[in-house]
Structure formats: C-alpha cells, structure tokens
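A.B. asks: Got a file for you: work_31.csv, CSV, C-alpha atoms.
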```
chain,number,residue,atom,x,y,z
A,1,MET,CA,23.5,4.0,18.9
A,2,ARG,CA,23.5,2.8,15.4
A,3,GLN,CA,25.6,4.5,12.7
A,4,PRO,CA,24.0,6.3,9.7
A,5,SER,CA,23.2,3.7,7.0
A,6,THR,CA,24.1,5.9,4.0
A,7,SER,CA,26.1,8.9,3.2
A,8,PRO,CA,24.2,12.0,1.9
A,9,GLY,CA,25.6,11.7,-1.6
A,10,GLY,CA,25.5,8.0,-2.4
A,11,PRO,CA,22.9,6.4,-4.7
A,12,ILE,CA,20.0,5.1,-2.7
A,13,THR,CA,19.9,1.9,-4.7
A,14,ARG,CA,23.4,1.1,-3.6
A,15,VAL,CA,22.7,1.4,0.2
A,16,PRO,CA,23.4,-1.9,1.8
A,17,GLY,CA,20.1,-3.8,2.1
A,18,MET,CA,18.2,-1.8,-0.5
A,19,PRO,CA,18.7,-4.3,-3.3
A,20,ALA,CA,17.3,-7.1,-1.1
A,21,LEU,CA,14.4,-4.8,-0.1
A,22,LEU,CA,13.6,-3.9,-3.7
A,23,THR,CA,13.7,-7.6,-4.8
A,24,MET,CA,11.4,-8.7,-2.0
A,25,SER,CA,9.0,-5.9,-2.6
A,26,ALA,CA,8.8,-6.4,-6.4
A,27,LEU,CA,8.2,-10.2,-6.1
A,28,GLY,CA,5.8,-9.8,-3.1
A,29,PHE,CA,3.7,-7.1,-4.8
A,30,SER,CA,3.6,-9.0,-8.0
A,31,GLY,CA,1.7,-11.7,-6.3
A,32,TYR,CA,-0.5,-9.2,-4.6
A,33,ALA,CA,-1.2,-7.2,-7.8
A,34,LEU,CA,-2.1,-10.3,-9.9
A,35,LEU,CA,-4.9,-11.3,-7.7
A,36,LEU,CA,-6.3,-7.9,-6.7
A,37,PRO,CA,-8.7,-7.6,-9.6
A,38,VAL,CA,-8.9,-11.3,-10.5
A,39,ALA,CA,-9.9,-12.8,-7.1
A,40,PRO,CA,-13.2,-10.8,-7.1
A,41,LEU,CA,-13.8,-11.9,-10.8
A,42,TRP,CA,-13.2,-15.5,-9.7
A,43,ALA,CA,-15.9,-15.0,-7.0
A,44,VAL,CA,-18.3,-13.7,-9.6
A,45,HIS,CA,-17.4,-16.8,-11.7
A,46,GLY,CA,-18.6,-18.9,-8.8
A,47,GLY,CA,-21.9,-17.0,-8.6
A,48,ALA,CA,-21.2,-14.2,-6.1
A,49,GLY,CA,-22.7,-10.8,-6.7
A,50,SER,CA,-21.0,-7.4,-6.6
A,51,GLY,CA,-21.3,-7.4,-2.8
A,52,GLY,CA,-19.7,-10.8,-2.5
A,53,ALA,CA,-17.0,-9.9,-4.9
A,54,GLY,CA,-16.2,-6.8,-2.9
A,55,LEU,CA,-15.9,-9.0,0.2
A,56,VAL,CA,-12.9,-10.9,-1.2
A,57,ASN,CA,-10.6,-7.9,-1.1
A,58,ALA,CA,-12.3,-6.5,1.9
A,59,VAL,CA,-11.4,-9.6,3.9
A,60,LEU,CA,-7.9,-9.5,2.5
A,61,MET,CA,-7.5,-6.0,3.8
A,62,LEU,CA,-9.2,-6.7,7.1
A,63,ALA,CA,-6.8,-9.6,7.8
A,64,THR,CA,-4.0,-7.3,6.7
A,65,VAL,CA,-5.0,-4.5,9.1
A,66,LEU,CA,-5.5,-6.8,12.0
A,67,THR,CA,-2.1,-8.4,11.5
A,68,GLN,CA,-0.4,-5.1,11.1
A,69,THR,CA,-1.4,-4.1,14.6
A,70,THR,CA,0.8,-6.9,15.9
A,71,MET,CA,3.8,-6.2,13.8
A,72,PRO,CA,5.9,-3.9,16.0
A,73,THR,CA,5.6,-6.5,18.8
A,74,ALA,CA,6.3,-9.4,16.5
A,75,LEU,CA,9.5,-7.8,15.2
A,76,ARG,CA,10.8,-7.3,18.7
A,77,ARG,CA,9.9,-10.7,20.0
A,78,ILE,CA,10.3,-13.0,16.9
A,79,GLY,CA,12.9,-11.1,15.0
A,80,TRP,CA,13.0,-9.6,11.5
A,81,ARG,CA,14.3,-12.6,9.6
A,82,PRO,CA,11.7,-15.3,10.6
A,83,THR,CA,8.9,-12.7,10.4
A,84,MET,CA,9.7,-11.6,6.9
A,85,VAL,CA,10.3,-15.1,5.6
A,86,ALA,CA,6.9,-16.2,7.0
A,87,GLY,CA,5.3,-13.2,5.4
A,88,VAL,CA,6.3,-13.9,1.8
A,89,LEU,CA,5.3,-17.5,2.2
A,90,LEU,CA,1.9,-16.7,3.6
A,91,LEU,CA,1.3,-14.2,0.8
A,92,GLY,CA,2.4,-16.5,-2.0
A,93,LEU,CA,1.5,-20.1,-1.2
A,94,PRO,CA,-2.3,-19.7,-0.8
A,95,SER,CA,-2.5,-18.2,-4.3
A,96,ALA,CA,-2.1,-21.6,-5.9
A,97,LEU,CA,-5.0,-22.9,-3.9
A,98,PHE,CA,-7.5,-20.5,-5.5
A,99,MET,CA,-7.5,-22.7,-8.6
A,100,LEU,CA,-9.1,-25.5,-6.6
A,101,THR,CA,-12.5,-23.8,-6.0
A,102,ASP,CA,-14.5,-20.6,-6.7
A,103,ALA,CA,-16.7,-21.0,-3.7
A,104,LEU,CA,-16.9,-17.7,-1.9
A,105,GLY,CA,-16.3,-19.1,1.6
A,106,TRP,CA,-13.0,-20.7,0.6
A,107,LEU,CA,-12.0,-17.6,-1.3
A,108,LEU,CA,-12.5,-15.5,1.8
A,109,ALA,CA,-10.5,-17.9,3.9
A,110,LEU,CA,-7.6,-17.9,1.5
A,111,SER,CA,-7.8,-14.1,1.2
A,112,ALA,CA,-7.5,-13.8,5.0
A,113,VAL,CA,-4.3,-15.9,5.0
A,114,ARG,CA,-2.8,-13.9,2.1
A,115,GLY,CA,-3.7,-10.7,4.1
A,116,MET,CA,-1.6,-11.9,7.0
A,117,GLY,CA,1.4,-12.3,4.7
A,118,PHE,CA,0.7,-9.0,3.0
A,119,ALA,CA,0.7,-7.3,6.4
A,120,VAL,CA,4.3,-8.5,7.0
A,121,LEU,CA,5.5,-7.4,3.6
A,122,THR,CA,4.0,-3.9,3.9
A,123,VAL,CA,5.1,-3.1,7.4
A,124,CYS,CA,8.6,-4.6,7.1
A,125,GLY,CA,9.1,-2.9,3.7
A,126,SER,CA,8.3,0.6,4.7
A,127,SER,CA,10.1,0.2,8.1
A,128,ALA,CA,13.2,-1.0,6.2
A,129,VAL,CA,13.3,2.2,4.3
A,130,ALA,CA,13.5,4.3,7.5
A,131,ALA,CA,16.1,1.9,8.9
A,132,LEU,CA,18.4,1.7,5.9
A,133,VAL,CA,18.3,5.4,4.8
A,134,ASP,CA,18.5,8.4,7.0
A,135,GLY,CA,15.8,11.0,7.5
A,136,PRO,CA,16.8,13.8,5.1
A,137,ARG,CA,16.6,11.4,2.2
A,138,HIS,CA,13.4,9.6,3.2
A,139,GLY,CA,11.3,11.2,0.4
A,140,ARG,CA,13.7,9.9,-2.3
A,141,ALA,CA,14.2,6.6,-0.7
A,142,ILE,CA,10.4,6.1,-0.3
A,143,GLY,CA,10.1,7.0,-4.0
A,144,VAL,CA,12.6,4.3,-5.1
A,145,TYR,CA,10.9,1.8,-2.8
A,146,GLY,CA,7.6,2.9,-4.2
A,147,LEU,CA,8.8,2.1,-7.7
A,148,SER,CA,9.5,-1.5,-6.6
A,149,ILE,CA,5.9,-1.7,-5.5
A,150,ALA,CA,4.2,0.3,-8.3
A,151,VAL,CA,6.0,-1.2,-11.3
A,152,PRO,CA,4.6,-4.7,-10.7
A,153,GLN,CA,1.2,-3.2,-10.3
A,154,LEU,CA,1.7,-1.1,-13.4
A,155,LEU,CA,2.4,-4.3,-15.4
A,156,LEU,CA,0.2,-6.8,-13.7
A,157,VAL,CA,-3.0,-5.1,-12.5
A,158,PRO,CA,-4.1,-4.1,-15.9
A,159,GLY,CA,-3.0,-7.4,-17.5
A,160,SER,CA,-4.2,-9.8,-14.9
A,161,ALA,CA,-7.9,-9.7,-15.8
A,162,TRP,CA,-6.9,-10.1,-19.5
A,163,ILE,CA,-4.7,-13.1,-18.7
A,164,ALA,CA,-7.6,-14.7,-16.7
A,165,GLU,CA,-10.1,-14.2,-19.5
A,166,SER,CA,-7.8,-14.9,-22.5
A,167,LEU,CA,-5.8,-17.8,-21.0
A,168,ASP,CA,-7.4,-19.0,-17.8
A,169,PHE,CA,-7.8,-18.2,-14.1
A,170,PRO,CA,-5.3,-20.9,-13.0
A,171,VAL,CA,-2.5,-19.2,-14.9
A,172,VAL,CA,-3.0,-16.1,-12.8
A,173,PHE,CA,-3.2,-18.1,-9.6
A,174,ALA,CA,0.1,-19.9,-10.4
A,175,LEU,CA,1.8,-16.6,-11.1
A,176,GLY,CA,0.4,-15.3,-7.9
A,177,ALA,CA,2.8,-17.5,-6.0
A,178,LEU,CA,5.8,-15.3,-7.0
A,179,PRO,CA,6.3,-14.1,-3.5
A,180,VAL,CA,7.6,-17.5,-2.6
A,181,LEU,CA,10.7,-16.7,-4.7
A,182,ALA,CA,11.4,-13.7,-2.4
A,183,VAL,CA,12.4,-16.0,0.5
A,184,PRO,CA,16.2,-15.5,0.0
A,185,ALA,CA,15.9,-11.7,-0.2
A,186,ALA,CA,13.6,-11.6,2.8
A,187,ALA,CA,16.1,-13.7,4.8
A,188,ALA,CA,19.1,-11.5,3.8
A,189,LEU,CA,17.2,-8.2,4.5
A,190,GLY,CA,15.8,-9.5,7.8
A,191,GLY,CA,19.3,-10.4,9.0
A,192,ARG,CA,20.6,-6.9,8.2
A,193,LEU,CA,17.7,-5.1,9.8
A,194,GLN,CA,18.0,-7.2,12.9
A,195,ARG,CA,21.6,-5.9,13.3
A,196,ILE,CA,21.1,-2.2,12.5
A,197,THR,CA,17.9,-1.8,14.6
A,198,ALA,CA,19.1,-3.6,17.7
A,199,ASP,CA,19.8,-0.3,19.6
A,200,ASP,CA,16.5,1.1,18.6
A,201,ASP,CA,14.7,-2.0,19.9
A,202,HIS,CA,16.4,-1.5,23.3
A,203,GLU,CA,15.4,2.1,23.3
A,204,ALA,CA,11.8,1.1,22.5
A,205,GLU,CA,11.8,-1.4,25.4
A,206,ASP,CA,13.2,1.2,27.8
A,207,ALA,CA,11.0,4.0,26.7
A,208,ALA,CA,8.0,4.7,29.1
A,209,PRO,CA,4.6,4.0,27.6
A,210,GLY,CA,1.7,6.3,28.4
A,211,ARG,CA,2.1,9.9,27.3
A,212,ALA,CA,5.0,9.2,24.9
A,213,GLY,CA,3.0,6.5,23.2
A,214,TRP,CA,0.0,8.7,22.9
A,215,ARG,CA,2.1,11.5,21.4
A,216,VAL,CA,3.3,9.1,18.8
A,217,LEU,CA,-0.2,8.1,17.9
A,218,LEU,CA,-1.5,11.7,17.8
A,219,GLY,CA,1.3,12.6,15.4
A,220,LEU,CA,0.2,9.9,13.1
A,221,ILE,CA,-3.5,10.7,12.9
A,222,LEU,CA,-3.3,13.3,10.1
A,223,PRO,CA,-1.2,11.3,7.6
A,224,SER,CA,-3.3,8.2,8.3
A,225,LEU,CA,-6.6,10.1,7.7
A,226,VAL,CA,-5.2,11.5,4.4
A,227,LEU,CA,-4.0,8.1,3.3
A,228,LEU,CA,-7.4,6.5,4.2
A,229,ALA,CA,-9.2,9.1,2.2
A,230,VAL,CA,-7.1,8.5,-1.0
A,231,THR,CA,-6.8,4.7,-0.8
A,232,THR,CA,-10.6,4.2,-0.4
A,233,PRO,CA,-11.2,5.3,-4.0
A,234,GLY,CA,-7.9,3.7,-5.1
A,235,GLY,CA,-9.1,0.3,-3.7
A,236,ALA,CA,-12.5,0.7,-5.5
A,237,LEU,CA,-10.8,1.4,-8.9
A,238,LEU,CA,-8.5,-1.6,-8.5
A,239,THR,CA,-11.3,-3.9,-7.5
A,240,PHE,CA,-14.2,-2.9,-9.7
A,241,ALA,CA,-12.6,-1.5,-12.9
A,242,PRO,CA,-13.1,-4.8,-14.7
A,243,GLN,CA,-16.8,-4.6,-13.9
A,244,PHE,CA,-17.8,-1.0,-14.4
A,245,ALA,CA,-15.5,-0.4,-17.5
A,246,GLY,CA,-17.8,-2.6,-19.6
A,247,SER,CA,-14.9,-4.5,-21.4
A,248,ALA,CA,-11.7,-6.1,-20.4
A,249,ALA,CA,-9.7,-4.0,-22.9
A,250,LEU,CA,-11.0,-0.7,-21.5
A,251,ALA,CA,-10.5,-1.9,-17.9
A,252,ALA,CA,-6.9,-2.7,-18.9
A,253,VAL,CA,-6.2,0.7,-20.4
A,254,GLY,CA,-7.8,2.5,-17.5
A,255,LEU,CA,-5.8,0.5,-14.9
A,256,LEU,CA,-2.7,1.0,-17.0
A,257,GLY,CA,-3.2,4.8,-16.8
A,258,PHE,CA,-3.9,4.5,-13.0
A,259,THR,CA,-1.0,2.4,-12.1
A,260,ALA,CA,1.5,4.2,-14.4
A,261,ALA,CA,0.5,7.5,-12.9
A,262,THR,CA,0.8,6.0,-9.4
A,263,ALA,CA,4.3,4.6,-10.1
A,264,LEU,CA,5.7,7.8,-11.6
A,265,SER,CA,4.1,10.2,-9.1
A,266,ARG,CA,5.2,8.2,-6.1
A,267,TRP,CA,8.8,8.3,-7.3
A,268,ALA,CA,8.8,11.9,-8.6
A,269,VAL,CA,7.3,13.5,-5.5
A,270,GLY,CA,10.2,12.3,-3.3
A,271,GLY,CA,12.6,15.1,-4.1
A,272,PRO,CA,10.0,17.9,-3.5
A,273,ALA,CA,8.9,16.2,-0.3
A,274,ASP,CA,12.5,16.3,1.0
A,275,ARG,CA,12.9,19.9,-0.1
A,276,TYR,CA,9.6,21.6,0.9
A,277,GLY,CA,8.1,19.1,3.4
A,278,PRO,CA,5.1,16.9,2.6
A,279,ARG,CA,2.2,18.8,4.1
A,280,VAL,CA,2.0,21.6,1.6
A,281,PHE,CA,1.1,19.2,-1.1
A,282,LEU,CA,-1.6,17.2,0.8
A,283,ALA,CA,-4.8,19.3,0.3
A,284,PRO,CA,-4.2,20.2,-3.4
A,285,LEU,CA,-3.7,16.5,-4.2
A,286,LEU,CA,-6.8,15.4,-2.3
A,287,VAL,CA,-8.8,17.9,-4.4
A,288,LEU,CA,-7.2,16.6,-7.6
A,289,CYS,CA,-8.2,13.1,-6.6
A,290,ALA,CA,-11.8,14.2,-6.0
A,291,GLY,CA,-11.8,15.8,-9.5
A,292,GLY,CA,-10.5,12.7,-11.1
A,293,LEU,CA,-13.2,10.6,-9.3
A,294,GLY,CA,-15.9,13.0,-10.5
A,295,VAL,CA,-14.7,12.4,-14.1
A,296,CYS,CA,-14.8,8.6,-13.6
A,297,ALA,CA,-18.3,8.8,-12.1
A,298,TRP,CA,-19.6,10.9,-15.0
A,299,ALA,CA,-18.0,8.5,-17.5
A,300,ILE,CA,-19.9,5.5,-16.2
A,301,ALA,CA,-23.2,7.2,-15.2
A,302,ASP,CA,-26.5,6.1,-16.7
A,303,GLY,CA,-25.2,2.7,-17.7
A,304,GLY,CA,-23.0,4.0,-20.5
A,305,THR,CA,-19.2,4.2,-20.6
A,306,HIS,CA,-17.2,7.1,-22.0
A,307,GLY,CA,-13.9,5.4,-22.5
A,308,ALA,CA,-11.6,8.3,-22.9
A,309,ALA,CA,-13.1,10.2,-19.9
A,310,LEU,CA,-12.8,7.0,-17.8
A,311,VAL,CA,-9.1,6.6,-18.6
A,312,LEU,CA,-8.4,10.3,-18.0
A,313,GLY,CA,-10.2,10.2,-14.7
A,314,MET,CA,-8.4,7.1,-13.5
A,315,THR,CA,-5.1,8.5,-14.5
A,316,VAL,CA,-5.7,11.7,-12.6
A,317,VAL,CA,-6.7,9.7,-9.5
A,318,GLY,CA,-3.5,7.7,-9.9
A,319,LEU,CA,-1.4,10.9,-9.8
A,320,ALA,CA,-2.9,11.8,-6.4
A,321,TYR,CA,-2.9,8.2,-5.2
A,322,GLY,CA,0.8,7.7,-5.8
A,323,SER,CA,2.0,11.1,-4.6
A,324,LEU,CA,0.0,10.9,-1.4
A,325,GLN,CA,1.4,7.4,-0.6
A,326,ASN,CA,4.9,8.9,-0.5
A,327,LEU,CA,4.0,12.2,1.2
A,328,THR,CA,2.0,10.6,4.0
A,329,LEU,CA,4.7,8.1,4.8
A,330,VAL,CA,7.3,10.9,4.9
A,331,GLU,CA,5.0,12.8,7.2
A,332,ALA,CA,4.5,9.8,9.4
A,333,PHE,CA,8.3,9.2,9.8
A,334,ALA,CA,8.9,12.9,10.5
A,335,ALA,CA,6.2,13.0,13.2
A,336,VAL,CA,7.8,10.4,15.5
A,337,PRO,CA,11.2,9.6,17.0
A,338,ARG,CA,13.3,7.0,15.2
A,339,ARG,CA,12.7,4.3,17.7
A,340,SER,CA,9.0,4.6,16.8
A,341,HIS,CA,9.4,4.1,13.0
A,342,PRO,CA,8.1,0.5,13.1
A,343,THR,CA,5.0,1.9,14.8
A,344,ALA,CA,4.7,4.6,12.2
A,345,SER,CA,5.0,2.1,9.5
A,346,ALA,CA,2.4,-0.1,11.0
A,347,VAL,CA,-0.1,2.7,11.5
A,348,TRP,CA,0.6,4.1,8.0
A,349,ASN,CA,0.0,0.6,6.4
A,350,ILE,CA,-3.2,0.2,8.5
A,351,GLY,CA,-4.5,3.4,6.9
A,352,PHE,CA,-3.5,2.3,3.5
A,353,ASP,CA,-5.0,-1.2,3.7
A,354,ALA,CA,-8.1,-0.1,5.6
A,355,GLY,CA,-8.7,2.4,2.8
A,356,THR,CA,-8.3,-0.2,0.1
A,357,GLY,CA,-10.6,-2.6,2.0
A,358,LEU,CA,-13.2,0.1,2.6
A,359,GLY,CA,-13.1,1.0,-1.1
A,360,SER,CA,-13.8,-2.5,-2.1
A,361,LEU,CA,-16.5,-3.0,0.6
A,362,VAL,CA,-18.3,0.3,0.5
A,363,VAL,CA,-18.3,1.0,-3.2
A,364,GLY,CA,-19.4,-2.7,-3.8
A,365,PHE,CA,-22.4,-2.3,-1.6
A,366,VAL,CA,-23.3,1.2,-2.9
A,367,ALA,CA,-23.1,-0.2,-6.4
A,368,ALA,CA,-25.4,-3.1,-5.4
A,369,GLY,CA,-28.0,-0.6,-4.1
A,370,ALA,CA,-27.5,2.2,-6.6
A,371,SER,CA,-24.6,2.3,-9.0
A,372,PHE,CA,-20.8,2.4,-9.3
A,373,ALA,CA,-21.0,6.1,-10.2
A,374,ALA,CA,-22.7,6.8,-6.9
A,375,GLY,CA,-20.0,4.9,-5.1
A,376,LEU,CA,-17.2,6.8,-6.7
A,377,THR,CA,-19.0,10.1,-6.0
A,378,THR,CA,-19.1,9.2,-2.4
A,379,THR,CA,-15.4,8.6,-2.2
A,380,ALA,CA,-14.8,12.0,-4.0
A,381,ALA,CA,-16.7,13.7,-1.2
A,382,VAL,CA,-14.5,12.0,1.4
A,383,CYS,CA,-11.4,13.4,-0.4
A,384,VAL,CA,-12.8,16.9,-0.3
A,385,LEU,CA,-13.6,16.6,3.4
A,386,ALA,CA,-10.1,15.3,4.1
A,387,ALA,CA,-8.6,18.3,2.2
A,388,ALA,CA,-10.6,20.7,4.4
A,389,VAL,CA,-9.2,18.9,7.6
A,390,VAL,CA,-5.6,19.3,6.3
A,391,LEU,CA,-6.2,23.0,5.7
A,392,VAL,CA,-7.7,23.5,9.2
A,393,VAL,CA,-4.8,21.6,10.9
A,394,GLY,CA,-2.3,23.9,9.3
A,395,ARG,CA,1.3,24.0,10.4
A,396,PRO,CA,3.6,21.2,9.1
A,397,VAL,CA,5.4,18.9,11.5
A,398,ARG,CA,9.2,19.2,11.9
A,399,ARG,CA,11.3,16.1,11.4
A,400,THR,CA,11.8,14.3,14.7
A,401,ALA,CA,15.2,12.8,15.5
```
Please express the file's structure as structure tokens.

C.D. replies:
Amino acid sequence: MRQPSTSPGGPITRVPGMPALLTMSALGFSGYALLLPVAPLWAVHGGAGSGGAGLVNAVLMLATVLTQTTMPTALRRIGWRPTMVAGVLLLGLPSALFMLTDALGWLLALSAVRGMGFAVLTVCGSSAVAALVDGPRHGRAIGVYGLSIAVPQLLLVPGSAWIAESLDFPVVFALGALPVLAVPAAAALGGRLQRITADDDHEAEDAAPGRAGWRVLLGLILPSLVLLAVTTPGGALLTFAPQFAGSAALAAVGLLGFTAATALSRWAVGGPADRYGPRVFLAPLLVLCAGGLGVCAWAIADGGTHGAALVLGMTVVGLAYGSLQNLTLVEAFAAVPRRSHPTASAVWNIGFDAGTGLGSLVVGFVAAGASFAAGLTTTAAVCVLAAAVVLVVGRPVRRTA
C-alpha cells in the first residue's frame, strides 16, 4: 500500500509533484483558453453562422469526452508518463495549424485532435490531485489546482478575442501552442504518479467488476449531473460572449468578471468543502447560477445590451461555476474508493466537458432560431431543475477510504 503523499500541516504547493502539476496545468490551460472564444470567431471569419461557430467548441468537447472514457484504461496499459506527454502535444501542436485555413471542416478536424489532448490533460490533472494529496485536504488541494487552471483563463479568455481583433488571429494561434512547453513537467509528473499509484493499479486489476463497478458509477451520478448543469451555461458564455456582448471591449470585461469570479471561488470554497462537506452548498449555488443567467438574458434581450447588467450577471455565474467545479470533484472523490479515483476523475471531466460542449451547441442553435437570451434562459431552467434534484437526493456522502 502506498504511503500518504503529504503531512496534514505541510503547504500543499510543496507536496512533491504539485509544482510539476501546476506548471503543466497552467501551460496546458493557457493554450485551451486562448482558442476557446477565438476558434469560433475564426469560423465566423470563414463564413460560418452561429450554428457552425458553436460546432467548433462542441466538436472539441465531443472529442474530449470520447477520449476521457478511455483514460483509466490508457493509464493502466500505457502508463502515466507517455500518456501525459502525448496529451500536451496533441493539445498544443494543432493550434498553429489554425492559421492555415478558416474553412469550417478543417477547423472541426483540428478541434477534434485538440480535444483528445485536452482529455488527457484534464483527467490526469484531477487524478493527480487525488494521488498526491490525501483525502482530508482534497478541497484545498483542488482549490490550488483550480487556480492553475483558472488564472490562465482569467488572463487569456477575456483578452484572446481582443488580441485577435487588434493584432491578428495568427498571433493567438501561435500562443495557443504553449502546451508544448509543458512536456518536461508532464514527463516528471507522470514518472512520479506511475510510482505512487502502482499499488492502486494492482488493486484495480484485482477488484471484481460488476456490482462494485456499478456502485462506483452510481456514486458519481449526482456530482456529474450538477457539474453538467453549471458547465452548460459556462460553456455558452465562454463561446458566445464576443458575439452577444455587441463589442469586443464589453465581451472582454464580462469574461474578465466571469473568469475572475471562477478563479477566486474555486480556490476559496476548498476550505469550507473540507470542513462542512460539499453537498450542503450545491443547491444554493445552482440557484445563484440561474439568477445570474437570468440577469444576463435580460441584459441582451430585444437586441440591446445593458453593459453593467451583463457584466454583473456573468460575474455571478462565475461564482457558482468556479465553486461547483471544486465541490463536485470533492464529492466525486469522496463517493468512491481510492483505487477508483481515476474513474471518478474521468467521469467528472466527462460531465464538465460535455456541459461545455452542450452549452456551445445548444445555445448556438437556440440563438440561430430565436435569440441568445432564449438560450441562456433555457440553461437557467436546467440549473433550477438540478437544484431540485439535489434537494430531493438529500443526505451527503461520507468520504470513502
């Protein structure tokens, strides 16, 4: 059996392996964040409508989700180090190829390749948190890990559309190759994870499938549904803010509020999650998200844009979006045995990325037939429904050894 990876009192950032994880995540998510709003704009530049633009990120997330389903098996059979190195390369290298064409078909193909790399980054990153830091500090560890993800988005999502319009699209695409620089960190982290999870891999191979596997999956349903509900509007805001805001400047301010709130809340909620458990916060935050979406929908209704209201609404959504990312991952890890943490990570990331893709796809097509306000209102209703499900389910899970 592996030894605990950190003492209760040591700083989480000094846990062996955490610096490499934070470096890999920051560089990887920088490449992801830069293209998230810009790739759909590049599709519009090539003549695609709002539905076609929405497909760009929808295909990215579809490829991500499909690849994530294979990750627990890939980590056992291929190993952590080669899998993680391949992931950052698949995410970063295709970005430079975007500058060669704005044809929708090629953009969708490149997005699919990037999605495969993003799947590796996300599943390995969140699995690494559970492997490197023991259960009683998962909330705080996930909060620190969340900062390495959210800070690049805070800086780059609001600014990427401005860079594309003020400088040029190829500048963004060149910067989008930053994940390639994470190869050394991915290799170092992968080697360490291979060593400390060796016993868990043997336990996973020896464990009987069937009922035990179904119990794991059942325990992950609720956090996955909550995550799906909040990431659907989150994906819509990240994808379409440059279009429904009416100006690049207002979109940048709105996305800055959204990503800043996401970064701070994902970090700040870690302590309360460790202390009180995550489930008590889920329903109120889903209702808060619905309220913020309602403000956003009102701000862009009837073809006008109320700038202050839009920024306020996006910031409120960001608070719920960031907090629920942390809380649902803590809930997922608490619901399963330690040997099943890679599965929990894969399922959680599938919920996250499926929601982001659905937000891009559904809101894009609703906007094409009606309006962006109608699309955001639809996602607000989903959040309210998810909050009702959480209240019905009731009792929190206890942390599983």

A.B. asks: CA of Leu358 (chain A) and CA of Ser371 (chain A), how far apart in Å?

C.D. replies: 16.4 Å

A.B. asks: Quote the spacing between CA of Gly115 (chain A) and CA of Phe352 (chain A) in Å to one decimal place.

C.D. replies: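 Between CA of Gly115 (chain A) and CA of Phe352 (chain A) the gap is 13.0 Å.
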
A.B. asks: Nearest residue to Pro158 (chain A) out of A:Leu178, A:Val85, A:Ala74, A:Leu237, using only C-alpha atoms?

C.D. replies: A:Leu237

A.B. asks: What does the distance from CA of Gly277 (chain A) to CA of Ala320 (chain A) come to in Å, to one decimal?

C.D. replies: 16.4 Å

A.B. asks: Between A:Gly357, A:Gly246, A:Gly92, A:Gly270, which residue has the minimum interatomic distance to Phe372 (chain A), considering all atoms listed in the file?

C.D. replies: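 Answer, going by the shortest atom-to-atom distance: A:Gly246.
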
A.B. asks: Can you tell me which residues surround Leu319 (chain A) at a distance of at most 9 Å, considering all atoms listed in the file, apart from same-chain residues fewer than 2 positions away, and format the answer as a PyMOL selection string?

C.D. replies: chain A and resi 258-266+285+288-289+314-317+321-324

A.B. asks: If you count only C-alpha atoms, which residues fall within 7 Å of region 117-119 of chain A, apart from same-chain ones fewer than 2 positions away, as a list in words?

C.D. replies: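 Residues near the query, excluding close chain neighbours: Thr64, Val65, Thr67, Gln68, Gly87, Val88, Leu89, Leu90, Leu91, Val113, Arg114, Gly115, Leu121, Thr122 and Val123 of chain A.
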
A.B. asks: Could you please take those selected residues and save C-alpha atoms as a tab-separated table (two decimals), in the coordinates of the input?

C.D. replies:
```tsv
chain	number	residue	atom	x	y	z
A	64	THR	CA	-4.00	-7.30	6.70
A	65	VAL	CA	-5.00	-4.50	9.10
A	67	THR	CA	-2.10	-8.40	11.50
A	68	GLN	CA	-0.40	-5.10	11.10
A	87	GLY	CA	5.30	-13.20	5.40
A	88	VAL	CA	6.30	-13.90	1.80
A	89	LEU	CA	5.30	-17.50	2.20
A	90	LEU	CA	1.90	-16.70	3.60
A	91	LEU	CA	1.30	-14.20	0.80
A	113	VAL	CA	-4.30	-15.90	5.00
A	114	ARG	CA	-2.80	-13.90	2.10
A	115	GLY	CA	-3.70	-10.70	4.10
A	121	LEU	CA	5.50	-7.40	3.60
A	122	THR	CA	4.00	-3.90	3.90
A	123	VAL	CA	5.10	-3.10	7.40
```

A.B. asks: Given only C-alpha atoms as the basis, pick out the residue of A:Ala388, A:Val44, A:Leu34, A:Leu132 nearest to Val15 (chain A).

C.D. replies: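 Among the listed residues, the smallest separation from Val15 (chain A) belongs to A:Leu132.
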
A.B. asks: Could you check which of A:Leu327, A:Ile350, A:Leu282, A:Ala368 is closest to His138 (chain A), using all atoms listed in the file?

C.D. replies: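 Of the candidates, the smallest distance to His138 (chain A) is held by A:Leu327.
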
A.B. asks: Using all atoms listed in the file, give me every residue within 6 Å of (16.2, 2.0, 1.3) in file coordinates, as a list in words.

C.D. replies: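 In the file's frame, the residues around the point are Met18, Val129, Leu132, Val133 and Ala141 of chain A.
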